[in-house]
Structure formats: C-alpha cells, structure tokens
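Here is model.txt, consisting of compact mmCIF, C-alpha atoms:
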# COMPACT_ATOMS: atom_id res chain seq x y z
CA MET A 8 37.49 -18.34 93.68
CA ARG A 9 38.76 -14.80 94.13
CA ALA A 10 39.31 -14.53 90.39
CA TYR A 11 35.76 -15.75 89.79
CA ASN A 12 34.30 -13.30 92.31
CA LEU A 13 36.19 -10.37 90.78
CA TYR A 14 34.95 -11.47 87.36
CA TYR A 15 31.39 -11.57 88.70
CA ASP A 16 31.91 -8.03 90.10
CA GLN A 17 33.15 -6.97 86.63
CA ASP A 18 36.58 -6.01 87.98
CA TYR A 19 38.29 -7.79 85.12
CA ALA A 20 41.76 -6.25 85.53
CA LYS A 21 42.10 -7.52 89.11
CA ALA A 22 40.51 -10.81 88.12
CA LYS A 23 43.28 -11.19 85.52
CA GLU A 24 45.95 -10.63 88.19
CA CYS A 25 44.45 -13.42 90.30
CA ILE A 26 43.93 -15.93 87.52
CA ASP A 27 47.44 -15.35 86.14
CA GLU A 28 48.80 -16.34 89.56
CA CYS A 29 46.75 -19.54 89.34
CA ILE A 30 48.14 -20.25 85.87
CA LYS A 31 51.63 -20.23 87.39
CA ASP A 32 50.61 -22.77 90.03
CA GLU A 33 51.55 -26.35 89.27
CA LYS A 34 48.24 -27.72 90.56
CA PHE A 35 45.78 -25.17 89.22
CA SER A 36 47.44 -24.92 85.80
CA THR A 37 46.26 -28.47 85.08
CA LYS A 38 42.58 -27.69 85.77
CA ALA A 39 40.29 -26.89 82.86
CA ASN A 40 38.33 -24.39 84.94
CA THR A 41 41.45 -22.30 85.57
CA TRP A 42 41.87 -21.84 81.82
CA LEU A 43 38.15 -21.28 81.30
CA TYR A 44 38.20 -18.46 83.88
CA LYS A 45 41.26 -16.94 82.25
CA ALA A 46 39.67 -17.20 78.81
CA ASN A 47 36.52 -15.38 79.94
CA ILE A 48 38.41 -12.71 81.86
CA GLU A 49 40.65 -11.98 78.84
CA TYR A 50 37.57 -11.93 76.61
CA ARG A 51 35.98 -9.23 78.79
CA LEU A 52 39.20 -7.20 78.79
CA ALA A 53 39.36 -7.37 75.00
CA SER A 54 35.72 -6.29 74.82
CA GLU A 55 36.27 -3.37 77.19
CA ASP A 56 39.32 -2.16 75.27
CA TYR A 57 37.40 -2.36 72.01
CA SER A 58 34.44 -0.41 73.42
CA ALA A 59 36.73 2.30 74.78
CA ARG A 60 38.50 2.62 71.41
CA GLN A 61 35.15 2.98 69.66
CA LYS A 62 34.35 5.96 71.89
CA ASP A 63 37.81 7.55 71.66
CA ALA A 64 40.05 7.02 68.63
CA ASN A 65 43.09 8.07 70.69
CA TYR A 66 42.49 5.46 73.40
CA GLN A 67 45.50 3.21 73.96
CA TYR A 68 44.73 -0.46 74.57
CA LEU A 69 45.41 -1.50 78.16
CA PHE A 70 45.37 -5.21 77.29
CA PRO A 71 46.57 -5.38 73.66
CA THR A 72 47.05 -9.19 73.69
CA ALA A 73 43.80 -10.07 75.49
CA ALA A 74 42.05 -11.52 72.43
CA LYS A 75 44.88 -13.94 71.65
CA GLU A 76 45.24 -14.92 75.32
CA SER A 77 41.50 -15.53 75.53
CA TYR A 78 41.39 -17.69 72.42
CA MET A 79 44.38 -19.79 73.45
CA ALA A 80 42.99 -20.22 76.98
CA PHE A 81 39.66 -21.47 75.61
CA LYS A 82 41.56 -24.00 73.50
CA LYS A 83 43.62 -25.10 76.50
CA ALA A 84 40.44 -25.54 78.54
CA VAL A 85 39.00 -27.82 75.84
CA GLU A 86 42.26 -29.76 75.72
CA LEU A 87 41.94 -30.48 79.45
CA ASN A 88 38.17 -31.09 79.44
CA LYS A 89 36.06 -30.76 76.32
CA ASN A 90 32.91 -30.39 78.42
CA VAL A 91 34.24 -27.67 80.74
CA GLU A 92 31.76 -24.96 81.78
CA ALA A 93 31.17 -22.41 84.53
CA THR A 94 28.15 -20.39 85.68
CA GLU A 95 27.69 -17.06 83.86
CA MET A 96 30.73 -17.68 81.69
CA TYR A 97 31.10 -18.50 78.01
CA SER A 98 31.83 -22.11 77.22
CA PRO A 99 34.55 -22.77 74.59
CA ASP A 100 31.88 -23.83 72.07
CA GLN A 101 30.17 -20.45 72.51
CA ALA A 102 33.28 -18.28 72.58
CA LEU A 103 35.68 -19.72 70.02
CA PRO A 104 33.45 -18.85 67.02
CA ILE A 105 32.84 -15.24 68.17
CA LEU A 106 36.35 -14.13 69.09
CA TYR A 107 37.36 -13.32 65.51
CA PRO A 108 36.49 -9.58 65.62
CA TYR A 109 38.82 -8.98 68.56
CA LEU A 110 41.53 -11.21 67.09
CA PHE A 111 41.17 -9.35 63.80
CA ILE A 112 41.70 -5.99 65.51
CA GLU A 113 44.67 -7.31 67.50
CA GLY A 114 46.26 -8.71 64.35
CA VAL A 115 45.79 -5.49 62.40
CA ASN A 116 47.33 -3.52 65.28
CA GLU A 117 50.40 -5.75 65.06
CA MET A 118 50.46 -5.33 61.29
CA ASN A 119 50.29 -1.54 61.59
CA ALA A 120 53.25 -1.72 63.97
CA LYS A 121 55.03 -3.71 61.22
CA ASN A 122 55.28 -6.76 63.47
CA PHE A 123 54.29 -8.95 60.55
CA GLU A 124 55.22 -12.32 62.01
CA ASN A 125 53.19 -11.61 65.15
CA ALA A 126 50.33 -10.35 62.99
CA ARG A 127 50.42 -13.54 60.92
CA GLY A 128 49.99 -15.72 64.00
CA ILE A 129 47.14 -13.68 65.44
CA LEU A 130 45.28 -13.34 62.14
CA ALA A 131 45.64 -17.10 61.65
CA LEU A 132 43.65 -17.53 64.87
CA ALA A 133 41.12 -14.94 63.67
CA VAL A 134 40.63 -16.90 60.44
CA GLU A 135 40.31 -20.14 62.42
CA SER A 136 37.64 -18.55 64.63
CA TYR A 137 35.84 -17.02 61.64
CA GLU A 138 35.61 -20.36 59.87
CA ILE A 139 34.36 -22.49 62.80
CA GLN A 140 30.76 -21.78 61.78
CA PRO A 141 28.92 -19.26 59.58
CA PRO A 142 29.99 -15.94 61.15
CA GLN A 143 27.50 -13.86 63.10
CA TYR A 144 28.97 -10.70 61.59
CA PRO A 145 30.43 -11.40 58.11
CA LEU A 146 33.54 -9.32 57.45
CA LYS A 147 33.07 -9.19 53.66
CA GLY A 148 36.60 -10.34 52.91
CA GLU A 149 38.42 -7.82 55.11
CA LEU A 150 39.90 -10.43 57.46
CA TYR A 151 41.20 -12.47 54.53
CA TYR A 152 42.54 -9.32 52.84
CA TYR A 153 44.65 -8.29 55.84
CA TYR A 154 45.84 -11.84 56.36
CA ALA A 155 46.87 -11.99 52.71
CA TYR A 156 48.57 -8.60 52.98
CA VAL A 157 50.67 -9.85 55.90
CA PHE A 158 51.75 -12.82 53.77
CA THR A 159 52.67 -10.33 51.03
CA MET A 160 54.86 -8.44 53.49
CA LEU A 161 56.47 -11.75 54.49
CA ASN A 162 57.13 -12.58 50.80
CA ASP A 163 54.90 -15.65 50.96
CA THR A 164 53.27 -15.24 47.55
CA GLU A 165 51.48 -18.59 47.56
CA ASN A 166 49.56 -17.94 50.78
CA ALA A 167 48.99 -14.30 49.87
CA GLN A 168 47.27 -15.34 46.63
CA LYS A 169 45.24 -17.97 48.47
CA TYR A 170 43.79 -15.50 50.95
CA TYR A 171 43.29 -12.67 48.44
CA GLN A 172 41.10 -15.13 46.55
CA LYS A 173 39.29 -16.08 49.76
CA ALA A 174 38.64 -12.37 50.33
CA ILE A 175 36.97 -12.16 46.93
CA ASP A 176 34.97 -15.33 47.63
CA ASP A 177 33.88 -13.79 50.95
CA GLY A 178 32.32 -10.85 49.09
CA SER A 179 35.11 -8.28 49.31
CA GLU A 180 34.45 -4.87 47.77
CA ASN A 181 37.99 -3.72 48.61
CA VAL A 182 39.92 -3.02 45.40
CA ASN A 183 43.17 -3.48 47.32
CA VAL A 184 42.42 -7.19 47.13
CA TYR A 185 42.84 -6.98 43.36
CA ILE A 186 45.99 -4.89 43.73
CA GLY A 187 47.48 -7.51 46.05
CA MET A 188 46.67 -10.31 43.63
CA ILE A 189 48.09 -8.32 40.72
CA ASP A 190 51.49 -8.13 42.43
CA GLY A 191 51.48 -11.87 43.02
CA TYR A 192 50.50 -12.76 39.47
CA LYS A 193 53.06 -10.34 38.08
CA LYS A 194 55.82 -12.10 40.03
CA GLU A 195 54.62 -15.34 38.46
CA GLY A 196 54.58 -13.80 34.98
CA LYS A 197 50.83 -14.39 34.51
CA LYS A 198 50.06 -11.55 32.10
CA LYS A 199 46.51 -12.58 31.22
CA GLU A 200 45.50 -12.90 34.86
CA VAL A 201 47.05 -9.52 35.68
CA LEU A 202 45.03 -7.74 33.00
CA GLU A 203 41.82 -9.50 34.08
CA LEU A 204 42.32 -8.34 37.67
CA ILE A 205 43.07 -4.77 36.63
CA THR A 206 39.92 -4.74 34.50
CA LYS A 207 37.76 -6.13 37.31
CA GLY A 208 39.22 -3.69 39.80
CA LEU A 209 38.63 -0.68 37.55
CA GLN A 210 35.05 -1.79 37.00
CA LYS A 211 34.54 -1.47 40.76
CA ASP A 212 36.51 1.77 41.12
CA PRO A 213 37.17 3.43 37.73
CA ASN A 214 39.32 6.26 39.13
CA ASN A 215 41.38 4.27 41.59
CA ALA A 216 44.87 5.76 41.33
CA THR A 217 46.71 2.60 42.38
CA LEU A 218 44.91 0.50 39.77
CA LYS A 219 45.52 3.15 37.13
CA ILE A 220 49.26 2.97 37.86
CA ALA A 221 49.10 -0.84 37.75
CA GLU A 222 47.39 -0.56 34.35
CA ALA A 223 50.14 1.70 32.98
CA ASP A 224 52.78 -0.59 34.44
CA TYR A 225 51.11 -3.60 32.79
CA TYR A 226 51.52 -2.07 29.32
CA PHE A 227 55.18 -1.19 29.91
CA TRP A 228 55.72 -4.69 31.32
CA THR A 229 54.21 -6.32 28.22
CA GLY A 230 56.18 -4.10 25.82
CA GLN A 231 53.21 -1.93 24.79
CA VAL A 232 55.12 1.25 25.56
CA GLU A 233 52.97 3.78 23.70
CA ILE A 234 49.81 2.58 25.48
CA GLY A 235 51.72 2.69 28.77
CA ARG A 236 52.76 6.30 28.15
CA SER A 237 49.20 7.21 27.27
CA LYS A 238 47.94 5.65 30.51
CA LEU A 239 50.59 7.51 32.50
CA LYS A 240 49.58 10.85 31.01
CA ASN A 241 45.98 10.26 32.06
CA LEU A 242 46.54 9.34 35.71
CA PRO A 243 44.07 10.96 38.13
CA ALA A 244 45.26 13.97 40.16
CA THR A 245 44.84 11.93 43.36
CA VAL A 246 48.06 10.06 42.51
CA ALA A 247 50.06 12.86 44.11
CA GLN A 248 48.19 12.54 47.41
CA SER A 249 49.59 9.07 48.16
CA PRO A 250 53.39 8.84 48.59
CA GLU A 251 53.38 5.19 47.49
CA ASN A 252 51.36 5.94 44.36
CA ALA A 253 53.45 8.99 43.50
CA ILE A 254 56.68 7.00 43.89
CA ASN A 255 55.40 4.07 41.80
CA ALA A 256 54.16 6.35 39.02
CA SER A 257 57.36 8.40 39.03
CA ASN A 258 59.41 5.21 38.77
CA LEU A 259 57.57 4.39 35.54
CA TYR A 260 58.20 7.91 34.22
CA ILE A 261 61.89 7.72 35.16
CA LYS A 262 62.38 4.30 33.57
CA ASP A 263 60.96 5.78 30.36
CA SER A 264 63.21 8.89 30.68
CA MET A 265 60.12 11.12 31.12
CA TYR A 266 61.90 13.25 33.71
CA ILE A 267 59.87 16.44 33.33
CA GLU A 268 56.57 14.57 33.76
CA ALA A 269 58.01 12.74 36.77
CA GLU A 270 59.23 16.00 38.29
CA ASN A 271 55.83 17.67 37.91
CA LEU A 272 54.11 14.75 39.65
CA LEU A 273 56.72 14.50 42.41
CA LYS A 274 56.64 18.22 43.21
CA ARG A 275 52.91 17.91 43.90
CA ALA A 276 53.51 14.78 45.97
CA TYR A 277 56.30 16.51 47.91
CA SER A 278 53.90 19.28 48.90
CA PHE A 279 51.72 16.61 50.52
CA SER A 280 54.62 14.63 52.02
CA PRO A 281 57.58 17.01 52.51
CA ASN A 282 59.46 14.56 54.75
CA ASN A 283 59.32 11.58 52.42
CA ARG A 284 62.93 10.75 51.57
CA THR A 285 62.07 8.51 48.60
CA ILE A 286 60.11 11.30 46.94
CA ALA A 287 63.04 13.65 47.60
CA HIS A 288 65.44 11.10 46.07
CA ASN A 289 63.31 10.67 42.96
CA LEU A 290 63.07 14.44 42.57
CA GLY A 291 66.85 14.57 42.80
CA VAL A 292 67.11 11.95 40.04
CA CYS A 293 64.73 13.92 37.81
CA CYS A 294 66.38 17.31 38.34
CA SER A 295 69.84 15.77 37.96
CA ASN A 296 68.97 14.19 34.61
CA ILE A 297 67.23 17.31 33.31
CA GLY A 298 70.20 19.41 34.45
CA GLU A 299 72.64 17.12 32.67
CA TYR A 300 70.53 17.19 29.52
CA LYS A 301 70.47 21.01 29.59
CA PHE A 302 74.23 21.07 30.15
CA MET A 303 74.92 18.80 27.18
CA GLU A 304 72.54 20.83 25.03
CA ALA A 305 74.39 24.02 26.00
CA GLU A 306 77.78 22.47 25.28
CA SER A 307 76.63 21.37 21.82
CA ILE A 308 76.05 24.99 20.76
CA LYS A 309 78.88 26.55 22.74
CA LEU A 310 81.26 26.99 19.81
CA HIS A 311 78.91 27.71 16.93
CA GLY A 312 75.60 28.74 18.47
CA ASP A 313 74.00 31.82 19.92
CA LYS A 314 75.87 32.87 23.09
CA ASN A 315 72.66 34.09 24.70
CA VAL A 316 71.02 30.72 24.12
CA TYR A 317 74.10 29.01 25.54
CA ALA A 318 74.03 31.20 28.64
CA ALA A 319 70.31 30.59 29.16
CA LEU A 320 70.74 26.82 28.85
CA ARG A 321 73.68 26.83 31.28
CA ALA A 322 71.63 28.85 33.77
CA GLU A 323 68.77 26.34 33.47
CA SER A 324 71.22 23.47 33.88
CA ASP A 325 72.76 25.00 37.00
CA ASP A 326 69.32 25.67 38.47
CA TYR A 327 68.20 22.07 37.97
CA LEU A 328 71.47 20.69 39.33
CA ALA A 329 71.30 22.93 42.40
CA ARG A 330 67.77 21.68 43.07
CA ALA A 331 68.91 18.11 42.53
CA ALA A 332 71.60 18.55 45.19
CA GLN A 333 69.04 19.98 47.63
CA TYR A 334 66.71 17.05 47.04
CA PHE A 335 69.53 14.53 47.44
CA GLU A 336 70.58 16.20 50.69
CA ALA A 337 66.96 15.90 51.89
CA ALA A 338 66.92 12.23 50.88
CA LEU A 339 70.04 11.68 52.98
CA THR A 340 68.44 13.16 56.12
CA GLY A 341 68.51 10.59 58.88
CA THR A 342 70.47 8.10 56.76
CA SER A 343 73.63 9.59 55.29
CA ASP A 344 75.34 6.33 54.30
CA ASP A 345 74.01 5.88 50.76
CA ILE A 346 77.27 6.01 48.78
CA THR A 347 75.53 6.30 45.41
CA ILE A 348 73.56 9.40 46.42
CA LEU A 349 76.57 10.93 48.17
CA LYS A 350 78.80 10.49 45.11
CA ARG A 351 76.18 11.95 42.80
CA THR A 352 75.71 14.93 45.14
CA ARG A 353 79.48 15.49 45.24
CA GLN A 354 79.60 15.36 41.45
CA ILE A 355 76.85 18.00 41.21
CA TYR A 356 78.61 20.34 43.64
CA LEU A 357 81.83 19.99 41.63
CA ARG A 358 79.94 20.77 38.41
CA LEU A 359 78.49 23.87 40.07
CA GLY A 360 81.91 24.94 41.32
CA GLN A 361 80.88 24.61 44.97
CA GLU A 362 84.16 23.12 46.18
CA GLU A 363 83.46 23.51 49.91
CA LYS A 364 80.19 21.56 49.76
CA ALA A 365 81.82 18.91 47.57
CA SER A 366 84.63 18.57 50.11
CA LYS A 367 82.17 18.00 52.99
CA ILE A 368 80.41 15.29 51.00
CA ASN A 369 83.76 13.73 50.18
CA GLU A 370 84.62 13.50 53.88
CA LYS A 371 81.35 11.62 54.54
CA ILE A 372 82.18 9.20 51.73
CA LYS A 373 85.64 8.53 53.14
CA GLN A 374 84.27 7.90 56.63
CA ILE A 375 81.77 5.35 55.30
CA GLU A 376 84.32 3.61 53.06
CA ASN A 377 86.84 3.36 55.92
CA ASN A 378 84.33 1.80 58.37

Please rewrite the model in this file as structure tokens.
Amino acid sequence: MRAYNLYYDQDYAKAKECIDECIKDEKFSTKANTWLYKANIEYRLASEDYSARQKDANYQYLFPTAAKESYMAFKKAVELNKNVEATEMYSPDQALPILYPYLFIEGVNEMNAKNFENARGILALAVESYEIQPPQYPLKGELYYYYAYVFTMLNDTENAQKYYQKAIDDGSENVNVYIGMIDGYKKEGKKKEVLELITKGLQKDPNNATLKIAEADYYFWTGQVEIGRSKLKNLPATVAQSPENAINASNLYIKDSMYIEAENLLKRAYSFSPNNRTIAHNLGVCCSNIGEYKFMEAESIKLHGDKNVYAALRAESDDYLARAAQYFEAALTGTSDDITILKRTRQIYLRLGQEEKASKINEKIKQIENN
C-alpha cells in the first residue's frame, strides 16, 4: 500500500524502493498486483528519464533499465492473473503495446555502449511490443534497423537480413538499411542482389559516401577493376569526414596499389580524426610503399643515371619512410604489441640509419616474443 500511495503522489523513485522490497517477499512476489504496481512504477520512471533527456541532451538516465523491468513486470502480472488491474494504473493490455519507444531507447543505449547481447534482448522486447497491434507512433523502420544492426554486430547474418527487410517493409527511409543488407548479401555471394540494393540506395541518396564506396567495392569484387577505379576517383569529399568511410575507401585504394590516392584521402581524414589509429596505420602503409618505390627507382639509376635525380629520389624516399615511421608509431599508441607494425617500423629506422630508434623498437619486439 505504501508503494501504491507513493505512486499516487508521483514519488516514483521511493515507490520503486518499496515495491522492490515486496518483490523480494515470498508472499507478495506471488501476487499479480505486486507485479502490476512494479510495472507501472517502472513505466513512470522510464517516462520521466525520457522527458528529462529530451530537455537536456547531457542528462544521464537515473533508471536506465526501467523500460525492460516494466515490460517484464507487466508480463509477469499477466502470467499470475490475466485480468489483473488497479485504479489509476495501466493494465497489461494497455501498457504492453505502448512500451516500445522506451524499450527502443534502452536497447539503443546498450548498443551504443557496445553491449550487443544486452541490446539484442531489449530490442527483441521492443519489437514484440511494437508488433502487438498497429503502433500508435510508427517508427518507419528504425526499430527494425537497429535490431538488425545488433544482429550484424553479433555475426548473425540470417536474422540481420530478416530485420533489415522488415525495416524496408516498415517504410524505412534510412539508407543504412541498404548498406546493412549489402554486407549480408556480399557474404552470401549474391552479386545481383548487392547491385540492386546499391542502386536503390543511391536513388534515395545519390551522394551517400558509404554507398558510393560500396559501389566501387562491388566492381572490384566482381572483377570490373577499371569501373571500380573510376568510381573510387569520383567519391564525394565527405568520405574523409567519416573515419569508417575513409578507412574502407583507403583499403580499396591500397589493395589496388593506388598508394598516392589513398594517402591524399587519409591525410584529409586524419585532420578530422587525428587520434584514429587505423587511419594512422593505413597512412603508414601508404607512405611506406611509396617510400620503397622511390628507393627502388633511385637505385635503378644509381650507376648510370643523373646523380641529381638519384639524390632527389633518395630524399623523397627518406621523407616518405620517415613519415611512415611516425604514422606507425601513432598507430601503436595505446597498443604496442602488434609485431607486424613493430617489425616494419624497425626496418624503416634501419633503412634511414636511425640505429637508436631501431634498437628501442627491437627491445619491444623481444619483450613481446618472450612473454
């Protein structure tokens, strides 16, 4: 009764304390009304948290699991008494179909924290709630998209594809739905379906950088290299603004030995994301390969070519290799146990005649190999 009175007075936090004590009690935990009270109290807490976050983007949720606790409590109440009800409280029939927005938010919060298994469970409840009856506030595919994305992160391609399609059927205008489906179809080797999705996505958003990269990748993947190169050369400038896009595009350049093009893109991306270790690594790969190419070119004319040209090429080679070492060192920041990068960095320092730096790298390699 105290929990109910606190609920009636809109002191939901204290009401929760009371009802949670009742849940622990052997007698009261078997009563449908106990779970109905808990469900309604948690619902109000979820609603209050949501309202506060809408007013202040920096607001930290006080009851981050309230939506899930509410939904599960409503289900428990029904399990104990399908006709359970209480004055001025939602019945399970009223509440279960309208909890999906709060469950959706809770699931996405878990996803953003990279707790993908937790997110999967919560978003499953959100989908269940959403599908009980025609939704009061249609989400235009967004719930299904995030649910599918979580399955993608959990490497469950079958379910990911299922819910990306449901997102489209639910009226999604989010081109990331197409991007998610593209990845799944590519893993399955479905070339025709991949191209159809890319085409549909670009019809909705003609300058979408991620889709443009997927289009270039498609042509390399299907052996149409010249078309792939052409698509790469015409990527929108916005590619550099997204670390993920810049890395994916640069990987295509690097695979095709287009190191200068990759370097130009990655330098722009690095200005936007100077702490991104993958971008730094890819820049190291580009500068290292260009430096080696310049070195070999210089050596080929060393004996019979112009000495000034040789000197200029060696200077260019040394400059690129020095930059490569700097980028590799940046890529190793915070995680210095990548043997491949360490050995390549040591090799560069030896080429540049920087014995002391090479020796320090060699010590790191020995420590890792001896552990």

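Minimum atom-to-atom distances from A:Glu76, A:Glu200, A:Asp163, A:Asp176 to Leu132 in chain A were compared using all atoms listed in the file, and the lowest value belongs to A:Glu76.
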
Any chance you could work out the axis-aligned box around range 240-253 of chain A, listed atoms only, 8 Å on each side, giving centre and edge lengths in Å to one decimal, as lines of an AutoDock Vina configuration file?
center_x = 48.8
center_y = 9.6
center_z = 39.8
size_x = 25.4
size_y = 24.8
size_z = 33.6

**OP:** Find the spatial neighbours of Ile368 in chain A, counting all atoms listed in the file, within a cut-off of 10 Å - ignore same-chain residues fewer than 3 positions away - and output them as a VMD selection string.
**Re:** chain A and resid 336 343 349 to 354 356 362 to 365 371 to 373

Original post:
Leaving out range 284-291 of chain A and any residue of its chain fewer than 2 positions from it, which residues lie within 6 Å of it when counting only C-alpha atoms, given as a ChimeraX atom specification?
Top reply: /A:270,293-295,331,334-335,338

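When all atoms listed in the file are used to measure the gap to Leu52 in chain A, the shortest distance among A:Leu110, A:Ala319, A:Ala73, A:Leu150 belongs to A:Ala73.
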
**OP:** Show which residues sit within 9 Å of Phe123 in chain A, as a PyMOL selection string. Count only C-alpha atoms, and ignore same-chain residues fewer than 2 positions away.
**Re:** chain A and resi 114+117-121+125-128+157-158+160-161

Original post:
Counting all atoms listed in the file, what is within 12 Å of Lys194 in chain A, bar same-chain residues fewer than 4 positions away, as a list in words?
Top reply: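 Returned residues: Thr159, Asn162, Asp163, Thr164, Glu165, Gln168, Gly187, Met188, Ile189, Asp190, Lys198, Glu200, Val201 and Trp228 of chain A.
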
Go ahead and write the residues just picked, C-alpha atoms, as a PDB file, in the coordinates of the input.
ATOM      1  CA  THR A 159      52.670 -10.330  51.030  1.00  0.00           C
ATOM      2  CA  ASN A 162      57.130 -12.580  50.800  1.00  0.00           C
ATOM      3  CA  ASP A 163      54.900 -15.650  50.960  1.00  0.00           C
ATOM      4  CA  THR A 164      53.270 -15.240  47.550  1.00  0.00           C
ATOM      5  CA  GLU A 165      51.480 -18.590  47.560  1.00  0.00           C
ATOM      6  CA  GLN A 168      47.270 -15.340  46.630  1.00  0.00           C
ATOM      7  CA  GLY A 187      47.480  -7.510  46.050  1.00  0.00           C
ATOM      8  CA  MET A 188      46.670 -10.310  43.630  1.00  0.00           C
ATOM      9  CA  ILE A 189      48.090  -8.320  40.720  1.00  0.00           C
ATOM     10  CA  ASP A 190      51.490  -8.130  42.430  1.00  0.00           C
ATOM     11  CA  LYS A 198      50.060 -11.550  32.100  1.00  0.00           C
ATOM     12  CA  GLU A 200      45.500 -12.900  34.860  1.00  0.00           C
ATOM     13  CA  VAL A 201      47.050  -9.520  35.680  1.00  0.00           C
ATOM     14  CA  TRP A 228      55.720  -4.690  31.320  1.00  0.00           C
TER      15      TRP A 228
END

**OP:** For CA of Lys367 in chain A and CA of Asn282 in chain A, quote the distance in Å rounded to one decimal.
**Re:**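 That distance, rounded to one decimal, is 23.0 Å.
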